Amino acid sequence: MERYPPIADHGLVGDLQTAAVISSEGVVDWFAAPRFDSPALFAALLDHDRGGFFEIAPDHPSGTCKQLYYPNTAVLVTRFMSPDGVGELLDWMPPSPAGAATDRHVLVRMLRCMRGTVRFRLRCAPRFDFARAPHTLHVDGDHATFRSPGTAAHLRATFPLERGPGGATGDDAYGTIHLSAGQKAGAALTVCRPDGPPPGPIDVPGLEDELNDAVRFWQRWLHTTHYRGRWPDMVHRAAITLKLLTYAPTGAPVAAATLGLPEQVGGERNWDYRYTWIRDGSLSVRALLDLGFVEEATAFTDWLTARLTESPSGPGPGGGGRDREPLQIMYRVDGDPDLPEEVLDHFEGYRGSAPVRVGNAAMDQLQLDIYGEALYALAQGRGGGTRPHHRSWKAIAEVLDRLADSWDRPDDGIWETRGGRQDFTFSRVMCWVALDRGLGLATEFSRPADLVRWRTTRDAIFAQIMDRGWSSARGGLAQHYGGDVLDASLLLTPRVGFLSPTDPEWLSTLDAIEENLVSDSLVYRYDPAASPDGLRGCEGTFSLCSFLRVDALARAGRLEKARFAFEKMFTYANHVGLFAEEIGPTGEQLGNFPQAFTHLSLIMAATTLDDALDRRHF
């Protein structure tokens with residue numbers, strides 16, 4: 001078992017309420033329950049010695065490991081090949097019932113020998129509450145029960161288990177099983193409340209039935225997609241990943257399954273991404289609709305509308321004496337706005353990348369662009385047949401009335417830097433989008449609105465951006481007013497309609513980004529050295545921006561360049577088609593994994609490029 005496998009050396013399984021990250025060695029080294037944003041009981045990715053893990057692997061000194069997904073599903077298959085035999089480990093989580101939040105979650109791990117003989121070993125080493133809570137262990141034959149304050153974990157196997165040494169917080173469960181060709185075995189870990197009923201015994205036929213159910217669920221869901229383009233394997237995998245990262249009871253997607261994975265190994269840029277960002281979720285609506293997943297797109301717009309109609313008042317959750325904005329930049333999956341940040345001092349971090357932060361202090365930042373993304377999502381939601389009802393429209397109109405008075409403010413910007421507020425150009429572009437889409441909704445659905453005021457403000461924002469946001473030195477739109485630093489977030493400009501994709505000013509901006517932020521198809525968000533962001537160190541290229549560049553190139557008619565850049569990005573995917581947040585200087589994946597924003601931008605780029613190629617005249 002490698003102490004810290006590469007971030008990319010993992011697959012993801014989940015039940016639409018939480019998820020587990022599993023290495024190609026068969027190690028579950030991240031799992032939080034009962035929700036994505038709950039404390040973890042396996043967190044070896046953040047501290048190999050203290051974090052906890054669940055390993056099933058061959059007991060053989062040599063061999064190779066390969067990993068793949070069962071076709072068109074979220075069932076992860078890890079293959080172990082040695083001179084003695086070939087074994088497979090199939091991991092999945094039975095999808096939770098639609099619409100019902102539950103505190104009971106099951107991770108199923110099925111073993112089978114395909115050739116020769118394989119002796120598998122099992123070690124289940126949970127460390128509850130990020131290894132801060134002790135646990136007891138009781139073993140009775142093939143049933144091991146771990147109990148910790150507030151949580152129980154039941155491990156059932158088709159072979160005997162035994163107690164063995166663990167860490168400072170309690171003992172671990174061990175087991176071995178010897179399989180010959182054609183034989184199968186398995187184990188299932190159920191996490192629930194301490195007073196919850198224990199699971200019953202398991203057997204191989206029952207596990208096979210559950211496997212077939214999981215395969216049918218995912219293949220039937222994916223069969224509803226409208227995508228018939230050139231890259232079905234990558235687009236389908238991206239869609240499944242977005243589904244896995246969405247909390248089904250509310251329809252809210254999390255930014256990533258993990259926390260604390262570094263943007264620079266050994267650096268401090270380590271954040272908790274297990275929450276729902278207004279920006280990420282809003283941009284997913286169009287991507288989901290383009291694929292035909294209307295139910296998922298509608299679920300998020302309903303969640304977003306609920307946030308708008310909550311009518312918050314008083315100080316923001318982070319304090320500081322500032323009034324709460326109508327929208328916060330991120331929430332928990334159930335809409336809770338409180339995400340206090342703390343540091344897990346007892347964890348060393350991935351390969352020594354401390355601090356390990358839980359929660360996210362950026363929740364209290366002012367990021368004006370979220371109003372544009374929110375209205376963009378609601379306007380796109382028309383494609384799913386949704387229309388604003390009276391109460392939601394009243395909330396939307398109040399937000400836009402307030403924005404018409406308060407858009408001209410410095411803010412913290414899209415990238416959540418901690419270097420002070422600026423007049424960020426992208427934030428102003430999205431304020432323009434908010435008012436523009438609000439005008440469109442009011443007109444289309446004949447809703448009451450101060451149309452003159454909104455239109456006047458929208459036009460004033462446009463004029464200000466083109467006057468103060470333009471950098472003569474760069475020949476394009478700058479990151480913020482009065483500066484010459486470029487910012488890849490502006491690659492969204494043609495998609496949201498602020499400038500035409502063939503407008504000379506936009507093409508000049510695109511050329512400037514190409515010259516200054518692009519490295520072999522990979523795109524940096526900005527240059528921290530030229531625009532200090534309040535954090536030490538550097539970061540890799542941002543895969544979201546790399547896919548946004550493909551989208552912008554395709555819209556500009558630069559199709560060959562766009563297609564080559566798009567297909568080159570596939571070479572940076574991991575072995576099962578997943579992406580983290582960033583790509584490092586030698587092609588390694590960095591940051592939290594897998595990142596929803598990266599996969600939704602892949603879908604955006606694919607559908608835009610497919611459409612442009614279909615319309616091309618030779």
# chains A, B, ... in the order shown; residues from 1 in each chain; ligands from 1
call {"tool": "residues_around", "arguments": {"residues": "Ser82 of chain A", "least_positions_apart": "6", "cutoff": "12 Å", "atoms": "only C-alpha atoms", "output": "number ranges by chain"}}
result
A: 57-66, 88, 113-119
call {"tool": "residues_around", "arguments": {"residues": "Arg555 of chain A", "least_positions_apart": "3", "cutoff": "10 Å", "atoms": "only C-alpha atoms", "output": "PDB file with C-alpha atoms, in the first residue's frame"}}
result
ATOM      1  CA  PRO A 494     -18.835  34.966 -25.357  1.00  0.00           C
ATOM      2  CA  ARG A 495     -20.842  32.105 -23.820  1.00  0.00           C
ATOM      3  CA  SER A 500     -19.978  38.367 -29.676  1.00  0.00           C
ATOM      4  CA  PRO A 501     -17.482  35.483 -30.108  1.00  0.00           C
ATOM      5  CA  THR A 502     -16.193  37.198 -33.266  1.00  0.00           C
ATOM      6  CA  ARG A 549     -10.723  27.982 -23.808  1.00  0.00           C
ATOM      7  CA  VAL A 550     -11.925  25.178 -26.081  1.00  0.00           C
ATOM      8  CA  ASP A 551     -15.458  26.559 -25.843  1.00  0.00           C
ATOM      9  CA  ALA A 552     -14.262  30.084 -26.676  1.00  0.00           C
ATOM     10  CA  ARG A 558     -11.045  28.421 -34.637  1.00  0.00           C
ATOM     11  CA  LEU A 559     -12.221  24.844 -34.913  1.00  0.00           C
ATOM     12  CA  ALA A 562     -10.219  23.983 -30.514  1.00  0.00           C
ATOM     13  CA  ALA A 605     -16.788  22.339 -24.497  1.00  0.00           C
ATOM     14  CA  THR A 608     -20.195  23.630 -28.266  1.00  0.00           C
ATOM     15  CA  LEU A 609     -17.464  22.066 -30.388  1.00  0.00           C
ATOM     16  CA  ASP A 611     -22.290  21.942 -32.785  1.00  0.00           C
ATOM     17  CA  ALA A 612     -19.652  24.125 -34.439  1.00  0.00           C
TER      18      ALA A 612
END
call {"tool": "closest_residue", "arguments": {"among": "A:Thr443, A:Thr73, A:Ser546, A:Thr176", "to": "Thr241 of chain A", "atoms": "only C-alpha atoms"}}
result
A:Thr73
call {"tool": "residues_around", "arguments": {"residues": "segment 188-202 of chain A", "least_positions_apart": "6", "cutoff": "10 Å", "atoms": "only C-alpha atoms", "output": "tab-separated table (two decimals) with all heavy atoms, in the first residue's frame"}}
result
chain	number	residue	atom	x	y	z
A	32	ALA	N	-16.52	9.93	3.63
A	32	ALA	CA	-17.22	10.69	4.66
A	32	ALA	C	-18.69	10.27	4.64
A	32	ALA	O	-19.26	10.05	3.57
A	32	ALA	CB	-17.10	12.19	4.42
A	33	ALA	N	-19.31	10.18	5.81
A	33	ALA	CA	-20.72	9.79	5.88
A	33	ALA	C	-21.34	10.42	7.13
A	33	ALA	O	-20.64	10.66	8.12
A	33	ALA	CB	-20.84	8.27	5.93
A	34	PRO	N	-22.65	10.72	7.04
A	34	PRO	CA	-23.63	10.29	6.04
A	34	PRO	C	-23.75	11.20	4.81
A	34	PRO	O	-24.52	10.87	3.90
A	34	PRO	CB	-24.95	10.32	6.83
A	34	PRO	CG	-24.76	11.41	7.83
A	34	PRO	CD	-23.31	11.33	8.23
A	41	LEU	N	-14.47	9.03	7.96
A	41	LEU	CA	-13.96	7.91	8.75
A	41	LEU	C	-12.79	7.23	8.07
A	41	LEU	O	-12.07	6.47	8.69
A	41	LEU	CB	-15.06	6.91	9.09
A	41	LEU	CG	-15.76	6.13	8.00
A	41	LEU	CD1	-16.32	4.82	8.61
A	41	LEU	CD2	-16.91	6.90	7.41
A	54	PHE	N	-9.58	1.50	4.22
A	54	PHE	CA	-10.22	0.19	4.07
A	54	PHE	C	-9.57	-0.47	2.86
A	54	PHE	O	-9.85	-0.12	1.72
A	54	PHE	CB	-11.72	0.36	3.89
A	54	PHE	CG	-12.51	-0.93	3.80
A	54	PHE	CD1	-11.93	-2.18	3.99
A	54	PHE	CD2	-13.88	-0.88	3.54
A	54	PHE	CE1	-12.67	-3.35	3.92
A	54	PHE	CE2	-14.64	-2.05	3.46
A	54	PHE	CZ	-14.03	-3.28	3.66
A	91	ASP	N	-16.24	-2.40	-6.70
A	91	ASP	CA	-16.71	-1.50	-5.66
A	91	ASP	C	-17.89	-0.70	-6.16
A	91	ASP	O	-17.87	-0.16	-7.28
A	91	ASP	CB	-15.60	-0.53	-5.24
A	91	ASP	CG	-14.54	-1.18	-4.37
A	91	ASP	OD1	-14.88	-1.65	-3.28
A	91	ASP	OD2	-13.36	-1.21	-4.78
A	92	TRP	N	-18.92	-0.59	-5.34
A	92	TRP	CA	-20.04	0.29	-5.66
A	92	TRP	C	-20.81	0.62	-4.39
A	92	TRP	O	-20.63	-0.02	-3.34
A	92	TRP	CB	-20.96	-0.37	-6.69
A	92	TRP	CG	-21.83	-1.48	-6.19
A	92	TRP	CD1	-23.10	-1.39	-5.71
A	92	TRP	CD2	-21.47	-2.88	-6.11
A	92	TRP	NE1	-23.57	-2.62	-5.34
A	92	TRP	CE2	-22.61	-3.55	-5.59
A	92	TRP	CE3	-20.35	-3.61	-6.44
A	92	TRP	CZ2	-22.60	-4.93	-5.36
A	92	TRP	CZ3	-20.35	-4.98	-6.23
A	92	TRP	CH2	-21.47	-5.62	-5.70
A	93	MET	N	-21.66	1.61	-4.49
A	93	MET	CA	-22.58	1.97	-3.41
A	93	MET	C	-23.99	1.94	-3.98
A	93	MET	O	-24.26	2.65	-4.96
A	93	MET	CB	-22.25	3.35	-2.84
A	93	MET	CG	-20.88	3.43	-2.17
A	93	MET	SD	-20.52	5.05	-1.46
A	93	MET	CE	-21.70	5.07	-0.08
A	102	THR	N	-30.81	10.02	4.01
A	102	THR	CA	-30.68	8.91	4.94
A	102	THR	C	-29.33	8.96	5.63
A	102	THR	O	-28.36	9.51	5.09
A	102	THR	CB	-30.84	7.56	4.21
A	102	THR	OG1	-30.64	6.49	5.13
A	102	THR	CG2	-29.80	7.42	3.10
A	103	ASP	N	-29.29	8.43	6.83
A	103	ASP	CA	-28.02	8.36	7.55
A	103	ASP	C	-27.42	6.95	7.45
A	103	ASP	O	-26.49	6.61	8.18
A	103	ASP	CB	-28.20	8.74	9.02
A	103	ASP	CG	-29.25	7.89	9.73
A	103	ASP	OD1	-29.68	6.87	9.16
A	103	ASP	OD2	-29.64	8.25	10.86
A	104	ARG	N	-27.94	6.14	6.55
A	104	ARG	CA	-27.47	4.76	6.39
A	104	ARG	C	-26.91	4.59	4.98
A	104	ARG	O	-27.62	4.74	3.99
A	104	ARG	CB	-28.64	3.79	6.62
A	104	ARG	CG	-28.23	2.34	6.77
A	104	ARG	CD	-29.46	1.48	7.07
A	104	ARG	NE	-29.11	0.11	7.42
A	104	ARG	CZ	-28.84	-0.32	8.63
A	104	ARG	NH1	-28.90	0.53	9.66
A	104	ARG	NH2	-28.53	-1.58	8.87
A	105	HIS	N	-25.62	4.27	4.89
A	105	HIS	CA	-24.95	4.17	3.60
A	105	HIS	C	-24.09	2.92	3.56
A	105	HIS	O	-23.45	2.56	4.56
A	105	HIS	CB	-24.09	5.42	3.36
A	105	HIS	CG	-24.90	6.68	3.38
A	105	HIS	ND1	-25.52	7.18	2.27
A	105	HIS	CD2	-25.23	7.50	4.41
A	105	HIS	CE1	-26.18	8.28	2.59
A	105	HIS	NE2	-26.03	8.50	3.88
A	106	VAL	N	-24.07	2.27	2.40
A	106	VAL	CA	-23.41	0.98	2.26
A	106	VAL	C	-22.38	1.04	1.14
A	106	VAL	O	-22.68	1.47	0.02
A	106	VAL	CB	-24.43	-0.13	1.95
A	106	VAL	CG1	-23.73	-1.49	1.88
A	106	VAL	CG2	-25.53	-0.16	3.01
A	107	LEU	N	-21.17	0.61	1.44
A	107	LEU	CA	-20.11	0.43	0.44
A	107	LEU	C	-19.91	-1.07	0.26
A	107	LEU	O	-19.57	-1.78	1.22
A	107	LEU	CB	-18.82	1.09	0.92
A	107	LEU	CG	-17.56	0.82	0.09
A	107	LEU	CD1	-17.71	1.38	-1.32
A	107	LEU	CD2	-16.33	1.40	0.77
A	108	VAL	N	-20.14	-1.56	-0.96
A	108	VAL	CA	-20.05	-2.99	-1.25
A	108	VAL	C	-18.75	-3.26	-2.00
A	108	VAL	O	-18.40	-2.55	-2.95
A	108	VAL	CB	-21.24	-3.47	-2.09
A	108	VAL	CG1	-21.19	-4.99	-2.26
A	108	VAL	CG2	-22.56	-3.06	-1.43
A	109	ARG	N	-18.04	-4.32	-1.58
A	109	ARG	CA	-16.76	-4.69	-2.18
A	109	ARG	C	-16.80	-6.19	-2.49
A	109	ARG	O	-16.76	-7.02	-1.59
A	109	ARG	CB	-15.59	-4.35	-1.25
A	109	ARG	CG	-15.73	-2.99	-0.55
A	109	ARG	CD	-14.39	-2.48	-0.05
A	109	ARG	NE	-13.57	-2.04	-1.16
A	109	ARG	CZ	-12.28	-1.71	-1.05
A	109	ARG	NH1	-11.67	-1.82	0.13
A	109	ARG	NH2	-11.60	-1.32	-2.10
A	110	MET	N	-16.89	-6.50	-3.76
A	110	MET	CA	-17.04	-7.89	-4.20
A	110	MET	C	-15.75	-8.39	-4.83
A	110	MET	O	-15.16	-7.71	-5.67
A	110	MET	CB	-18.20	-8.01	-5.19
A	110	MET	CG	-18.51	-9.42	-5.62
A	110	MET	SD	-20.01	-9.46	-6.64
A	110	MET	CE	-20.05	-11.18	-7.08
A	124	CYS	N	-9.83	-3.27	7.62
A	124	CYS	CA	-10.74	-2.14	7.76
A	124	CYS	C	-10.32	-1.35	8.98
A	124	CYS	O	-10.40	-1.84	10.11
A	124	CYS	CB	-12.18	-2.61	7.90
A	124	CYS	SG	-13.40	-1.27	7.90
A	142	ASP	N	-18.22	-13.42	11.01
A	142	ASP	CA	-18.06	-12.62	9.80
A	142	ASP	C	-18.64	-11.21	9.95
A	142	ASP	O	-18.87	-10.52	8.96
A	142	ASP	CB	-18.73	-13.31	8.61
A	142	ASP	CG	-20.24	-13.56	8.84
A	142	ASP	OD1	-20.77	-13.09	9.87
A	142	ASP	OD2	-20.86	-14.23	8.01
A	143	HIS	N	-18.88	-10.78	11.18
A	143	HIS	CA	-19.48	-9.47	11.45
A	143	HIS	C	-18.60	-8.70	12.43
A	143	HIS	O	-18.36	-9.13	13.54
A	143	HIS	CB	-20.88	-9.65	12.03
A	143	HIS	CG	-21.63	-8.37	12.21
A	143	HIS	ND1	-22.82	-8.30	12.92
A	143	HIS	CD2	-21.35	-7.11	11.81
A	143	HIS	CE1	-23.26	-7.04	12.92
A	143	HIS	NE2	-22.38	-6.31	12.26
A	144	ALA	N	-18.10	-7.53	11.97
A	144	ALA	CA	-17.32	-6.63	12.84
A	144	ALA	C	-18.10	-5.33	13.01
A	144	ALA	O	-18.59	-4.76	12.02
A	144	ALA	CB	-15.95	-6.35	12.23
A	145	THR	N	-18.22	-4.88	14.26
A	145	THR	CA	-18.98	-3.66	14.54
A	145	THR	C	-18.06	-2.63	15.19
A	145	THR	O	-17.50	-2.89	16.27
A	145	THR	CB	-20.17	-3.94	15.46
A	145	THR	OG1	-21.02	-4.91	14.84
A	145	THR	CG2	-20.97	-2.66	15.70
A	146	PHE	N	-17.91	-1.50	14.55
A	146	PHE	CA	-17.17	-0.37	15.09
A	146	PHE	C	-18.18	0.64	15.65
A	146	PHE	O	-19.14	1.00	14.96
A	146	PHE	CB	-16.34	0.32	14.01
A	146	PHE	CG	-15.38	-0.57	13.28
A	146	PHE	CD1	-15.77	-1.31	12.16
A	146	PHE	CD2	-14.06	-0.67	13.71
A	146	PHE	CE1	-14.88	-2.11	11.48
A	146	PHE	CE2	-13.15	-1.48	13.02
A	146	PHE	CZ	-13.57	-2.20	11.91
A	147	ARG	N	-17.96	1.10	16.87
A	147	ARG	CA	-18.86	2.09	17.45
A	147	ARG	C	-18.06	3.29	17.93
A	147	ARG	O	-17.04	3.15	18.61
A	147	ARG	CB	-19.66	1.50	18.60
A	147	ARG	CG	-20.63	0.42	18.16
A	147	ARG	CD	-21.61	0.03	19.25
A	147	ARG	NE	-22.50	-1.03	18.80
A	147	ARG	CZ	-23.60	-0.83	18.10
A	147	ARG	NH1	-23.95	0.41	17.80
A	147	ARG	NH2	-24.37	-1.84	17.72
A	148	SER	N	-18.56	4.45	17.57
A	148	SER	CA	-17.94	5.72	17.96
A	148	SER	C	-19.07	6.66	18.33
A	148	SER	O	-20.21	6.46	17.91
A	148	SER	CB	-17.12	6.28	16.79
A	148	SER	OG	-16.45	7.46	17.16
A	149	PRO	N	-18.81	7.68	19.13
A	149	PRO	CA	-19.89	8.61	19.50
A	149	PRO	C	-20.60	9.15	18.26
A	149	PRO	O	-19.99	9.79	17.41
A	149	PRO	CB	-19.16	9.72	20.26
A	149	PRO	CG	-17.98	9.03	20.86
A	149	PRO	CD	-17.56	8.02	19.82
A	150	GLY	N	-21.88	8.85	18.12
A	150	GLY	CA	-22.69	9.37	17.02
A	150	GLY	C	-22.71	8.53	15.78
A	150	GLY	O	-23.52	8.76	14.87
A	151	THR	N	-21.83	7.51	15.66
A	151	THR	CA	-21.74	6.74	14.42
A	151	THR	C	-21.38	5.29	14.72
A	151	THR	O	-20.60	5.01	15.63
A	151	THR	CB	-20.66	7.33	13.48
A	151	THR	OG1	-20.88	8.72	13.31
A	151	THR	CG2	-20.69	6.65	12.12
A	152	ALA	N	-21.95	4.39	13.91
A	152	ALA	CA	-21.56	2.99	13.93
A	152	ALA	C	-21.22	2.55	12.52
A	152	ALA	O	-21.79	3.07	11.54
A	152	ALA	CB	-22.66	2.12	14.51
A	153	ALA	N	-20.29	1.61	12.40
A	153	ALA	CA	-19.94	1.03	11.10
A	153	ALA	C	-19.93	-0.48	11.26
A	153	ALA	O	-19.21	-1.03	12.10
A	153	ALA	CB	-18.58	1.54	10.64
A	154	HIS	N	-20.77	-1.14	10.45
A	154	HIS	CA	-20.88	-2.60	10.49
A	154	HIS	C	-20.21	-3.18	9.25
A	154	HIS	O	-20.57	-2.84	8.12
A	154	HIS	CB	-22.34	-3.02	10.51
A	154	HIS	CG	-23.11	-2.54	11.69
A	154	HIS	ND1	-23.18	-3.24	12.88
A	154	HIS	CD2	-23.84	-1.40	11.88
A	154	HIS	CE1	-23.93	-2.56	13.74
A	154	HIS	NE2	-24.35	-1.44	13.16
A	155	LEU	N	-19.25	-4.05	9.45
A	155	LEU	CA	-18.58	-4.73	8.35
A	155	LEU	C	-19.05	-6.18	8.32
A	155	LEU	O	-18.83	-6.94	9.28
A	155	LEU	CB	-17.06	-4.67	8.52
A	155	LEU	CG	-16.25	-5.40	7.45
A	155	LEU	CD1	-16.47	-4.77	6.07
A	155	LEU	CD2	-14.76	-5.40	7.80
A	156	ARG	N	-19.74	-6.54	7.24
A	156	ARG	CA	-20.15	-7.92	7.02
A	156	ARG	C	-19.32	-8.50	5.89
A	156	ARG	O	-19.05	-7.83	4.89
A	156	ARG	CB	-21.63	-7.97	6.63
A	156	ARG	CG	-22.59	-7.79	7.77
A	156	ARG	CD	-22.70	-9.06	8.60
A	156	ARG	NE	-23.85	-9.03	9.49
A	156	ARG	CZ	-24.20	-10.02	10.29
A	156	ARG	NH1	-23.48	-11.14	10.30
A	156	ARG	NH2	-25.25	-9.94	11.08
A	157	ALA	N	-18.92	-9.76	6.03
A	157	ALA	CA	-18.11	-10.41	5.00
A	157	ALA	C	-18.64	-11.82	4.77
A	157	ALA	O	-19.41	-12.36	5.58
A	157	ALA	CB	-16.64	-10.45	5.40
A	158	THR	N	-18.23	-12.42	3.67
A	158	THR	CA	-18.58	-13.82	3.39
A	158	THR	C	-17.47	-14.75	3.88
A	158	THR	O	-17.46	-15.94	3.53
A	158	THR	CB	-18.82	-14.03	1.89
A	158	THR	OG1	-17.62	-13.72	1.18
A	158	THR	CG2	-19.96	-13.14	1.39
A	159	PHE	N	-16.57	-14.23	4.68
A	159	PHE	CA	-15.47	-15.02	5.25
A	159	PHE	C	-15.18	-14.49	6.64
A	159	PHE	O	-15.60	-13.39	7.01
A	159	PHE	CB	-14.23	-14.94	4.35
A	159	PHE	CG	-13.84	-13.56	3.94
A	159	PHE	CD1	-12.97	-12.79	4.71
A	159	PHE	CD2	-14.35	-13.00	2.76
A	159	PHE	CE1	-12.60	-11.52	4.34
A	159	PHE	CE2	-13.98	-11.72	2.37
A	159	PHE	CZ	-13.12	-10.97	3.15
call {"tool": "closest_residue", "arguments": {"among": "A:Leu375, A:Ala580, A:Ile461, A:Val285", "to": "Asp9 of chain A", "atoms": "only C-alpha atoms"}}
result
A:Ala580
call {"tool": "closest_residue", "arguments": {"among": "A:Arg237, A:Arg474, A:His390, A:Arg437", "to": "Phe570 of chain A", "atoms": "only C-alpha atoms"}}
result
A:Arg237
call {"tool": "residues_around", "arguments": {"residues": "segment 22-26 of chain A", "least_positions_apart": "3", "cutoff": "8 Å", "atoms": "only C-alpha atoms", "output": "compact mmCIF listing (two decimals) with N, CA and C atoms, in the first residue's frame"}}
result
# COMPACT_ATOMS: atom_id res chain seq x y z
N MET A 1 0.85 -1.19 0.00
CA MET A 1 0.00 0.00 0.00
C MET A 1 0.88 1.24 0.00
N PRO A 5 -0.55 7.68 -2.73
CA PRO A 5 -0.61 7.48 -4.19
C PRO A 5 -0.91 8.80 -4.88
N ASP A 9 -4.57 8.67 -9.13
CA ASP A 9 -4.58 7.21 -9.10
C ASP A 9 -5.79 6.68 -8.33
N HIS A 10 -6.96 7.24 -8.63
CA HIS A 10 -8.17 6.89 -7.88
C HIS A 10 -9.40 6.87 -8.79
N GLY A 11 -10.39 6.11 -8.36
CA GLY A 11 -11.73 6.17 -8.92
C GLY A 11 -12.71 6.61 -7.86
N LEU A 12 -13.93 6.84 -8.28
CA LEU A 12 -14.98 7.35 -7.38
C LEU A 12 -16.20 6.46 -7.46
N VAL A 13 -16.76 6.12 -6.30
CA VAL A 13 -18.07 5.48 -6.24
C VAL A 13 -18.93 6.27 -5.28
N ASP A 29 -9.32 5.34 0.58
CA ASP A 29 -8.58 6.26 1.44
C ASP A 29 -9.27 7.62 1.56
N TRP A 30 -10.56 7.67 1.15
CA TRP A 30 -11.42 8.80 1.52
C TRP A 30 -12.86 8.34 1.53
N GLU A 55 -8.69 -1.44 3.13
CA GLU A 55 -7.91 -2.07 2.07
C GLU A 55 -8.38 -3.49 1.81
N ILE A 56 -8.57 -3.81 0.54
CA ILE A 56 -8.70 -5.20 0.10
C ILE A 56 -7.75 -5.37 -1.08
N ALA A 57 -6.80 -6.27 -0.96
CA ALA A 57 -5.77 -6.42 -2.00
C ALA A 57 -5.20 -7.82 -1.93
N CYS A 65 -1.61 -3.66 -10.88
CA CYS A 65 -3.00 -3.27 -10.63
C CYS A 65 -3.50 -2.44 -11.80
N LYS A 66 -4.71 -2.69 -12.23
CA LYS A 66 -5.36 -1.89 -13.26
C LYS A 66 -6.78 -1.59 -12.78
N GLN A 67 -7.29 -0.45 -13.24
CA GLN A 67 -8.62 -0.03 -12.77
C GLN A 67 -9.44 0.49 -13.94
N THR A 78 -11.31 -3.00 -10.00
CA THR A 78 -9.87 -2.99 -9.81
C THR A 78 -9.35 -4.40 -10.06
N LEU A 89 -11.67 -6.80 -7.96
CA LEU A 89 -12.41 -6.20 -6.86
C LEU A 89 -13.41 -5.21 -7.47
call {"tool": "residues_around", "arguments": {"residues": "Asp610 of chain A", "least_positions_apart": "2", "cutoff": "12 Å", "atoms": "only C-alpha atoms", "output": "MDAnalysis selection string"}}
result
chainID A and resid 227:232 235 290 550:551 554:555 559:560 562:563 566 602:608 612:616
call {"tool": "select_by_dssp", "arguments": {"residues": "segment 264-359 of chain A", "states": "strand (DSSP E or B)", "output": "PyMOL selection string"}}
result
chain A and resi 272+276-277+315+323+330-331+342-343+357-358
call {"tool": "residues_around", "arguments": {"residues": "Gly167 of chain A", "least_positions_apart": "3", "cutoff": "9 Å", "atoms": "only C-alpha atoms", "output": "MDAnalysis selection string"}}
result
chainID A and resid 49:50 52 125 127 170:172
call {"tool": "write_last_selection", "arguments": {"atoms": "all heavy atoms", "output": "short mmCIF file (atom, residue, chain, number, x, y, z; two decimals), in the first residue's frame"}}
result
data_model
loop_
_atom_site.label_atom_id
_atom_site.label_comp_id
_atom_site.auth_asym_id
_atom_site.auth_seq_id
_atom_site.Cartn_x
_atom_site.Cartn_y
_atom_site.Cartn_z
N ASP A 49 -0.87 7.75 8.24
CA ASP A 49 -0.75 7.05 9.52
C ASP A 49 -1.97 7.23 10.41
O ASP A 49 -2.34 6.32 11.16
CB ASP A 49 0.49 7.52 10.27
CG ASP A 49 1.78 7.19 9.51
OD1 ASP A 49 1.85 6.09 8.92
OD2 ASP A 49 2.68 8.05 9.48
N ARG A 50 -2.63 8.38 10.34
CA ARG A 50 -3.72 8.68 11.27
C ARG A 50 -5.10 8.67 10.63
O ARG A 50 -6.11 8.56 11.32
CB ARG A 50 -3.51 10.07 11.90
CG ARG A 50 -2.23 10.22 12.68
CD ARG A 50 -2.13 11.64 13.25
NE ARG A 50 -0.88 11.87 13.96
CZ ARG A 50 0.23 12.31 13.40
NH1 ARG A 50 0.24 12.57 12.10
NH2 ARG A 50 1.31 12.49 14.11
N GLY A 52 -6.96 6.70 8.49
CA GLY A 52 -7.86 5.57 8.34
C GLY A 52 -8.06 5.17 6.90
O GLY A 52 -8.04 6.00 5.99
N ALA A 125 -9.85 -0.11 8.74
CA ALA A 125 -9.25 0.71 9.79
C ALA A 125 -9.92 2.08 9.83
O ALA A 125 -9.32 3.08 9.41
CB ALA A 125 -7.75 0.84 9.55
N ARG A 127 -11.24 5.67 11.19
CA ARG A 127 -10.81 6.68 12.17
C ARG A 127 -11.88 7.76 12.17
O ARG A 127 -11.87 8.67 11.36
CB ARG A 127 -9.43 7.25 11.80
CG ARG A 127 -8.33 6.21 11.67
CD ARG A 127 -7.97 5.58 13.01
NE ARG A 127 -6.88 4.60 12.89
CZ ARG A 127 -7.06 3.29 12.82
NH1 ARG A 127 -8.28 2.79 12.83
NH2 ARG A 127 -6.02 2.48 12.72
N GLY A 170 -8.49 3.05 18.38
CA GLY A 170 -9.18 1.77 18.51
C GLY A 170 -8.63 0.72 17.59
O GLY A 170 -7.72 0.98 16.78
N ASP A 171 -9.18 -0.50 17.69
CA ASP A 171 -8.69 -1.64 16.93
C ASP A 171 -9.26 -1.66 15.50
O ASP A 171 -10.23 -0.98 15.19
CB ASP A 171 -9.06 -2.94 17.65
CG ASP A 171 -8.29 -3.13 18.95
OD1 ASP A 171 -7.20 -2.54 19.06
OD2 ASP A 171 -8.79 -3.85 19.83
N ASP A 172 -8.63 -2.49 14.66
CA ASP A 172 -9.03 -2.67 13.29
C ASP A 172 -9.52 -4.09 13.07
O ASP A 172 -9.23 -5.00 13.85
CB ASP A 172 -7.88 -2.39 12.33
CG ASP A 172 -7.34 -0.97 12.46
OD1 ASP A 172 -8.07 -0.11 12.98
OD2 ASP A 172 -6.19 -0.73 12.04
#
call {"tool": "closest_residue", "arguments": {"among": "A:Gln17, A:Asn592, A:Thr457, A:Gln464", "to": "Leu245 of chain A", "atoms": "only C-alpha atoms"}}
result
A:Gln17
